[in-house]
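Student: So here's start-v2.csv (CSV, C-alpha atoms).
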```csv
chain,number,residue,atom,x,y,z
A,1,ASP,CA,2.5,119.0,154.7
A,2,LEU,CA,3.2,119.1,158.5
A,3,PHE,CA,-0.4,120.2,159.2
A,4,THR,CA,-2.2,117.6,157.1
A,5,LEU,CA,0.6,115.0,157.4
A,6,GLN,CA,0.1,114.2,153.7
A,7,TRP,CA,2.8,113.5,151.2
A,8,THR,CA,2.4,115.1,147.8
A,9,PHE,CA,4.3,114.3,144.6
A,10,VAL,CA,5.8,117.6,143.4
A,11,VAL,CA,5.4,118.2,139.7
A,12,VAL,CA,8.6,120.1,138.5
A,13,SER,CA,9.9,121.8,135.4
A,14,GLY,CA,13.4,122.1,134.1
A,15,ILE,CA,16.0,119.3,134.1
A,16,PRO,CA,16.4,117.6,137.5
A,17,PRO,CA,19.6,116.0,138.8
A,18,SER,CA,20.2,112.6,137.3
A,19,ILE,CA,19.4,109.4,139.3
A,20,ARG,CA,21.9,109.2,142.2
A,21,ALA,CA,22.5,108.4,145.9
A,22,SER,CA,24.7,109.6,148.8
A,23,TYR,CA,24.4,113.3,147.7
A,24,GLY,CA,24.2,116.4,149.9
A,25,MET,CA,21.0,118.4,150.2
A,26,ALA,CA,20.2,121.7,151.9
A,27,ALA,CA,17.5,124.4,151.8
A,28,ASP,CA,17.7,128.2,152.0
A,29,ARG,CA,15.1,130.9,151.5
A,30,GLY,CA,12.7,129.1,149.2
A,31,ARG,CA,15.4,127.1,147.4
A,32,LEU,CA,16.6,123.5,147.7
A,33,PHE,CA,20.1,122.6,146.7
A,34,VAL,CA,21.5,119.2,145.7
A,35,PHE,CA,25.2,118.5,145.4
A,36,GLY,CA,27.2,115.6,144.1
A,37,GLY,CA,26.7,112.0,145.1
A,38,ASN,CA,27.4,108.8,143.1
A,39,ILE,CA,25.9,107.5,139.9
A,40,ALA,CA,26.2,103.9,139.0
A,41,GLY,CA,27.9,103.8,135.6
A,42,PRO,CA,28.5,100.9,133.1
A,43,GLY,CA,29.7,97.8,134.8
A,44,SER,CA,28.6,99.1,138.2
A,45,ILE,CA,31.5,101.6,138.2
A,46,THR,CA,30.8,104.3,140.8
A,47,THR,CA,31.3,107.9,139.7
A,48,TYR,CA,31.8,110.8,142.2
A,49,GLU,CA,29.8,113.8,141.0
A,50,ASN,CA,30.4,117.5,141.8
A,51,ASP,CA,27.4,119.0,140.0
A,52,LEU,CA,25.1,121.4,141.8
A,53,TYR,CA,21.3,121.9,141.2
A,54,GLN,CA,18.8,124.4,142.6
A,55,LEU,CA,15.1,123.8,142.9
A,56,ASN,CA,13.0,127.0,143.2
A,57,LEU,CA,10.3,125.9,145.6
A,58,THR,CA,8.0,128.7,144.5
A,59,THR,CA,8.1,127.9,140.8
A,60,ALA,CA,9.1,124.2,141.2
A,61,THR,CA,11.8,124.7,138.6
A,62,TRP,CA,15.2,122.9,138.5
A,63,THR,CA,18.3,124.8,137.4
A,64,GLU,CA,21.8,123.5,137.2
A,65,LEU,CA,24.4,125.8,138.7
A,66,ASN,CA,27.4,124.8,136.6
A,67,ASP,CA,30.7,126.5,135.8
A,68,LYS,CA,28.9,129.0,133.5
A,69,ASN,CA,26.9,130.5,136.4
A,70,THR,CA,29.2,129.9,139.4
A,71,SER,CA,32.8,131.0,140.0
A,72,GLY,CA,35.6,130.1,142.3
A,73,PRO,CA,37.2,126.7,143.0
A,74,ARG,CA,34.5,124.1,142.7
A,75,PRO,CA,34.7,121.2,145.2
A,76,THR,CA,35.8,117.9,143.8
A,77,GLY,CA,33.3,115.1,143.2
A,78,ARG,CA,32.3,113.1,146.4
A,79,ILE,CA,29.7,111.2,148.3
A,80,ALA,CA,28.4,111.3,151.8
A,81,MET,CA,29.5,114.9,152.5
A,82,GLY,CA,27.9,117.3,154.9
A,83,LEU,CA,25.9,120.1,153.3
A,84,VAL,CA,24.1,122.8,155.3
A,85,ALA,CA,22.7,126.3,154.7
A,86,LEU,CA,23.5,129.2,157.0
A,87,GLU,CA,22.7,132.9,156.5
A,88,GLY,CA,22.6,132.9,152.7
A,89,LYS,CA,25.5,130.5,152.2
A,90,ILE,CA,25.9,126.8,151.6
A,91,TYR,CA,28.7,125.1,153.5
A,92,MET,CA,30.1,121.7,152.6
A,93,PHE,CA,32.4,119.6,154.7
A,94,GLY,CA,34.2,116.3,154.0
A,95,GLY,CA,33.0,113.2,152.2
A,96,TYR,CA,34.6,110.6,150.1
A,97,GLY,CA,35.9,110.9,146.5
A,98,LEU,CA,38.7,109.8,144.2
A,99,ALA,CA,41.3,111.2,146.6
A,100,GLY,CA,39.8,109.1,149.5
A,101,TYR,CA,38.4,110.5,152.7
A,102,LEU,CA,38.1,114.3,152.8
A,103,ASN,CA,38.1,117.1,155.5
A,104,ASP,CA,38.0,120.2,153.2
A,105,LEU,CA,35.5,122.9,153.9
A,106,PHE,CA,33.8,124.9,151.1
A,107,VAL,CA,31.3,127.7,151.1
A,108,LEU,CA,29.0,128.9,148.3
A,109,ASP,CA,27.7,132.5,148.5
A,110,LEU,CA,24.1,132.2,147.3
A,111,VAL,CA,24.1,135.9,146.1
A,112,THR,CA,27.3,135.9,144.1
A,113,LEU,CA,27.3,132.2,143.4
A,114,ARG,CA,31.0,132.1,144.2
A,115,TRP,CA,32.7,129.0,145.7
A,116,THR,CA,35.4,129.6,148.3
A,117,ASP,CA,37.7,126.8,149.6
A,118,LEU,CA,38.0,127.7,153.3
A,119,SER,CA,40.6,124.9,153.8
A,120,ASN,CA,43.1,127.2,152.2
A,121,ALA,CA,42.1,130.2,154.3
A,122,ALA,CA,43.8,131.4,157.4
A,123,LEU,CA,41.8,129.2,159.8
A,124,VAL,CA,42.3,129.0,163.6
A,125,GLY,CA,42.5,125.5,165.1
A,126,SER,CA,42.6,122.1,163.4
A,127,PRO,CA,39.8,120.7,161.3
A,128,PRO,CA,38.3,117.3,162.1
A,129,VAL,CA,40.1,114.3,160.6
A,130,PRO,CA,39.0,113.3,157.1
A,131,ARG,CA,35.7,111.4,157.1
A,132,TYR,CA,32.4,110.6,155.4
A,133,TRP,CA,28.9,109.7,156.5
A,134,HIS,CA,29.2,112.2,159.4
A,135,GLY,CA,26.6,114.5,160.9
A,136,PHE,CA,26.7,118.2,159.8
A,137,THR,CA,24.3,120.8,161.1
A,138,THR,CA,24.0,124.4,162.2
A,139,CYS,CA,23.3,126.0,165.6
A,140,TYR,CA,23.8,129.5,167.0
A,141,ARG,CA,25.3,130.6,163.7
A,142,ARG,CA,27.9,127.9,163.9
A,143,LEU,CA,28.6,124.6,162.1
A,144,PHE,CA,28.8,121.3,164.0
A,145,VAL,CA,30.4,118.0,162.8
A,146,PHE,CA,29.7,114.8,164.7
A,147,GLY,CA,31.0,111.3,164.1
A,148,GLY,CA,31.3,109.5,160.8
A,149,PHE,CA,33.8,107.0,159.4
A,150,THR,CA,37.4,107.5,158.6
A,151,GLY,CA,40.2,105.4,157.0
A,152,TYR,CA,42.9,107.2,159.0
A,153,PRO,CA,44.8,105.5,161.8
A,154,GLY,CA,42.9,105.1,165.1
A,155,PRO,CA,39.3,104.4,165.6
A,156,ARG,CA,37.5,104.2,162.3
A,157,TYR,CA,34.0,104.9,163.6
A,158,LEU,CA,34.0,108.3,165.2
A,159,ASN,CA,32.0,110.1,168.0
A,160,ASP,CA,33.9,113.3,168.2
A,161,LEU,CA,32.1,116.7,168.1
A,162,HIS,CA,33.6,119.7,166.4
A,163,GLN,CA,32.5,123.3,166.0
A,164,PHE,CA,33.3,125.8,163.3
A,165,ASP,CA,32.6,129.5,163.7
A,166,PRO,CA,32.4,131.2,160.3
A,167,THR,CA,32.8,134.7,161.9
A,168,SER,CA,36.1,133.9,163.6
A,169,MET,CA,37.1,131.2,161.1
A,170,GLN,CA,37.9,128.9,164.0
A,171,TRP,CA,37.7,125.2,164.4
A,172,THR,CA,37.2,123.9,168.0
A,173,ASP,CA,37.3,120.3,169.1
A,174,LEU,CA,34.6,119.9,171.8
A,175,SER,CA,35.2,116.2,172.3
A,176,GLY,CA,37.4,116.5,175.3
A,177,ALA,CA,35.0,118.6,177.3
A,178,ILE,CA,32.0,116.3,176.7
A,179,SER,CA,30.5,114.3,179.6
A,180,GLY,CA,27.1,112.6,180.3
A,181,ASP,CA,25.7,109.5,178.7
A,182,GLN,CA,28.0,107.7,176.3
A,183,ASN,CA,27.4,108.5,172.6
A,184,ILE,CA,28.6,105.4,170.8
A,185,PRO,CA,30.9,106.0,167.7
A,186,ARG,CA,28.8,105.7,164.5
A,187,ASP,CA,28.2,106.8,161.0
A,188,ARG,CA,25.2,107.2,158.7
A,189,HIS,CA,23.3,108.8,161.6
A,190,GLY,CA,20.8,111.6,161.8
A,191,PHE,CA,22.2,114.9,163.2
A,192,THR,CA,20.2,118.1,163.5
A,193,SER,CA,19.5,121.0,165.9
A,194,PHE,CA,16.4,122.5,167.5
A,195,GLU,CA,16.2,125.5,169.9
A,196,GLY,CA,19.8,125.4,170.9
A,197,ARG,CA,20.2,121.6,171.2
A,198,LEU,CA,22.0,119.1,168.9
A,199,PHE,CA,20.4,115.7,168.4
A,200,VAL,CA,21.9,112.4,167.2
A,201,PHE,CA,19.7,109.5,166.2
A,202,GLY,CA,20.5,106.0,165.0
A,203,GLY,CA,23.2,105.1,162.6
A,204,GLN,CA,25.6,102.2,162.2
A,205,ASP,CA,28.2,101.3,164.9
A,206,SER,CA,31.5,99.4,164.7
A,207,SER,CA,29.8,96.1,165.2
A,208,GLY,CA,28.0,96.6,161.9
A,209,GLY,CA,24.7,96.9,163.8
A,210,TYR,CA,22.1,99.6,163.3
A,211,ARG,CA,21.0,101.8,166.1
A,212,ASN,CA,17.9,103.7,167.2
A,213,ASP,CA,19.1,105.6,170.3
A,214,LEU,CA,18.5,109.3,170.5
A,215,LEU,CA,20.9,111.7,172.3
A,216,GLY,CA,20.9,115.4,172.8
A,217,ILE,CA,23.3,118.0,173.9
A,218,GLN,CA,23.0,121.8,174.6
A,219,ALA,CA,25.3,123.7,172.3
A,220,PRO,CA,27.5,125.5,172.6
A,221,ARG,CA,27.1,126.5,176.2
A,222,GLU,CA,27.1,123.0,177.6
A,223,VAL,CA,28.9,119.8,176.5
A,224,ASN,CA,27.0,117.2,178.4
A,225,TRP,CA,25.2,114.4,176.4
A,226,THR,CA,21.8,113.3,177.7
A,227,LEU,CA,20.3,110.0,176.7
A,228,ILE,CA,16.8,110.6,175.6
A,229,SER,CA,15.9,107.0,174.4
A,230,SER,CA,18.0,103.9,174.7
A,231,LEU,CA,19.0,101.4,172.0
A,232,GLY,CA,16.1,99.1,171.3
A,233,SER,CA,17.6,96.7,168.8
A,234,THR,CA,20.3,96.2,166.2
A,235,SER,CA,20.7,94.3,163.0
A,236,SER,CA,24.1,93.2,161.9
A,237,GLY,CA,25.5,93.8,158.4
A,238,THR,CA,27.6,96.3,156.7
A,239,SER,CA,26.6,98.8,154.0
A,240,PRO,CA,27.4,98.1,150.4
A,241,LEU,CA,28.3,101.8,150.0
A,242,SER,CA,31.5,101.5,152.0
A,243,PRO,CA,34.4,102.2,149.8
```
I'd like the structure from this file rewritten - as structure tokens, please.
Tutor:
Amino acid sequence: DLFTLQWTFVVVSGIPPSIRASYGMAADRGRLFVFGGNIAGPGSITTYENDLYQLNLTTATWTELNDKNTSGPRPTGRIAMGLVALEGKIYMFGGYGLAGYLNDLFVLDLVTLRWTDLSNAALVGSPPVPRYWHGFTTCYRRLFVFGGFTGYPGPRYLNDLHQFDPTSMQWTDLSGAISGDQNIPRDRHGFTSFEGRLFVFGGQDSSGGYRNDLLGIQAPREVNWTLISSLGSTSSGTSPLSP
């Protein structure tokens, strides 16, 4: 509760998602959605899930949205994808699965519960390179992708910024127009928006260290990063979740 600043354990009904990590989560109009992630199987074998669950925040009831109550091409199982809600739809970008690093874009209409693979649509522009552990958020009715980690040639830790406009179905790489304070390439960072600004906090950089810097950029009218707080300390080490 943001008024009392008190955590409360939520008592729920229905069957919740199984124990998992590295899943996607988004909220829309009184509902919370959980997609995919990994489940440690026998012998520490990692599985890549593509199940989708809905929690009605009014009734506190879990419901699985499976193939019986959704239609269209369901995304493949994956971890560390981007998942956001925008105007009655859930958008999902990228992640890592059995096929490796991904840069596909899916949308689920929350009225019809139909999945659409926008990667096969007539898109304008080029999508970001395949990646996982990237930032994915919405601002001004657009989707934004920042940073992450890729296994493709070139720098593996990324600090590129891309925009997708669902109305025009257009990808735009904003990286070349960005100036201001340097935003270090990173993955596993926080990425969100507030009142027309995009914010990046923390993450892990190419040295294996963890960061606590905070940067902001006005979007989409300006592309000029501003350093809000500088890096205070890092700790070395890599994540055991790296594939």
Student: Give me, as a ChimeraX atom specification, all polymer residues having an atom no more than 10 Å from Trp171 (chain A), counting all atoms listed in the file and skipping those fewer than 5 positions away in the same chain.
Tutor: /A:123-128,143-144,162-166
Student: Which residues come within 9 Å of region 157-160 of chain A, counting all atoms listed in the file, excluding same-chain residues fewer than 6 positions away, as a ChimeraX atom specification?
Tutor: /A:128,131,134,145-150,173-176,183-187,204-206
Student: Output the selection as a PDB file, in the coordinates of the input - C-alpha atoms for each residue.
Tutor:
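Listing of selection_30.pdb after writing:
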```pdb
ATOM      1  CA  PRO A 128      38.300 117.300 162.100  1.00  0.00           C
ATOM      2  CA  ARG A 131      35.700 111.400 157.100  1.00  0.00           C
ATOM      3  CA  HIS A 134      29.200 112.200 159.400  1.00  0.00           C
ATOM      4  CA  VAL A 145      30.400 118.000 162.800  1.00  0.00           C
ATOM      5  CA  PHE A 146      29.700 114.800 164.700  1.00  0.00           C
ATOM      6  CA  GLY A 147      31.000 111.300 164.100  1.00  0.00           C
ATOM      7  CA  GLY A 148      31.300 109.500 160.800  1.00  0.00           C
ATOM      8  CA  PHE A 149      33.800 107.000 159.400  1.00  0.00           C
ATOM      9  CA  THR A 150      37.400 107.500 158.600  1.00  0.00           C
ATOM     10  CA  ASP A 173      37.300 120.300 169.100  1.00  0.00           C
ATOM     11  CA  LEU A 174      34.600 119.900 171.800  1.00  0.00           C
ATOM     12  CA  SER A 175      35.200 116.200 172.300  1.00  0.00           C
ATOM     13  CA  GLY A 176      37.400 116.500 175.300  1.00  0.00           C
ATOM     14  CA  ASN A 183      27.400 108.500 172.600  1.00  0.00           C
ATOM     15  CA  ILE A 184      28.600 105.400 170.800  1.00  0.00           C
ATOM     16  CA  PRO A 185      30.900 106.000 167.700  1.00  0.00           C
ATOM     17  CA  ARG A 186      28.800 105.700 164.500  1.00  0.00           C
ATOM     18  CA  ASP A 187      28.200 106.800 161.000  1.00  0.00           C
ATOM     19  CA  GLN A 204      25.600 102.200 162.200  1.00  0.00           C
ATOM     20  CA  ASP A 205      28.200 101.300 164.900  1.00  0.00           C
ATOM     21  CA  SER A 206      31.500  99.400 164.700  1.00  0.00           C
TER      22      SER A 206
END
```
Student: Find the residue from A:Ala21, A:Leu198, A:Leu227, A:Leu110 that sits nearest to Tyr91 (chain A); use all atoms listed in the file when measuring.
Tutor: A:Leu110
Student: To one decimal place in Å, what is the distance between CA of Met81 (chain A) and CA of Ala99 (chain A)?
Tutor: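 A separation of 13.7 Å between them.
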Student: Just give me the residues with any atom within 10 Å of (35.4, 130.7, 155.1), file coordinates, counting all atoms listed in the file, written as a ChimeraX atom specification.
Tutor: /A:91,105-108,115-123,164-170
Student: Choose the residue, out of A:Leu214, A:Asn66, A:Thr61, A:Arg188, that has the smallest atom-to-atom separation from Gly95 (chain A); count all atoms listed in the file.
Tutor: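 Closest residue, counting all atoms listed in the file: A:Arg188.
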Student: Mind pulling up the distance from CA of Asn212 (chain A) to CA of Gly97 (chain A)?
Tutor: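 Separation of CA of Gly97 (chain A) and CA of Asn212 (chain A): 28.4 Å.
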Student: Taking all atoms listed in the file into account, name the residue in A:Phe3, A:Tyr140, A:Tyr210, A:Tyr152 that is nearest to Gly196 (chain A).
Tutor: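 The answer is A:Tyr140, which sits nearest to Gly196 (chain A).
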Student: Report, in Å with one decimal, the straight-line distance from CA of Thr137 (chain A) to CA of Pro153 (chain A).
Tutor: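 The value is 25.6 Å.
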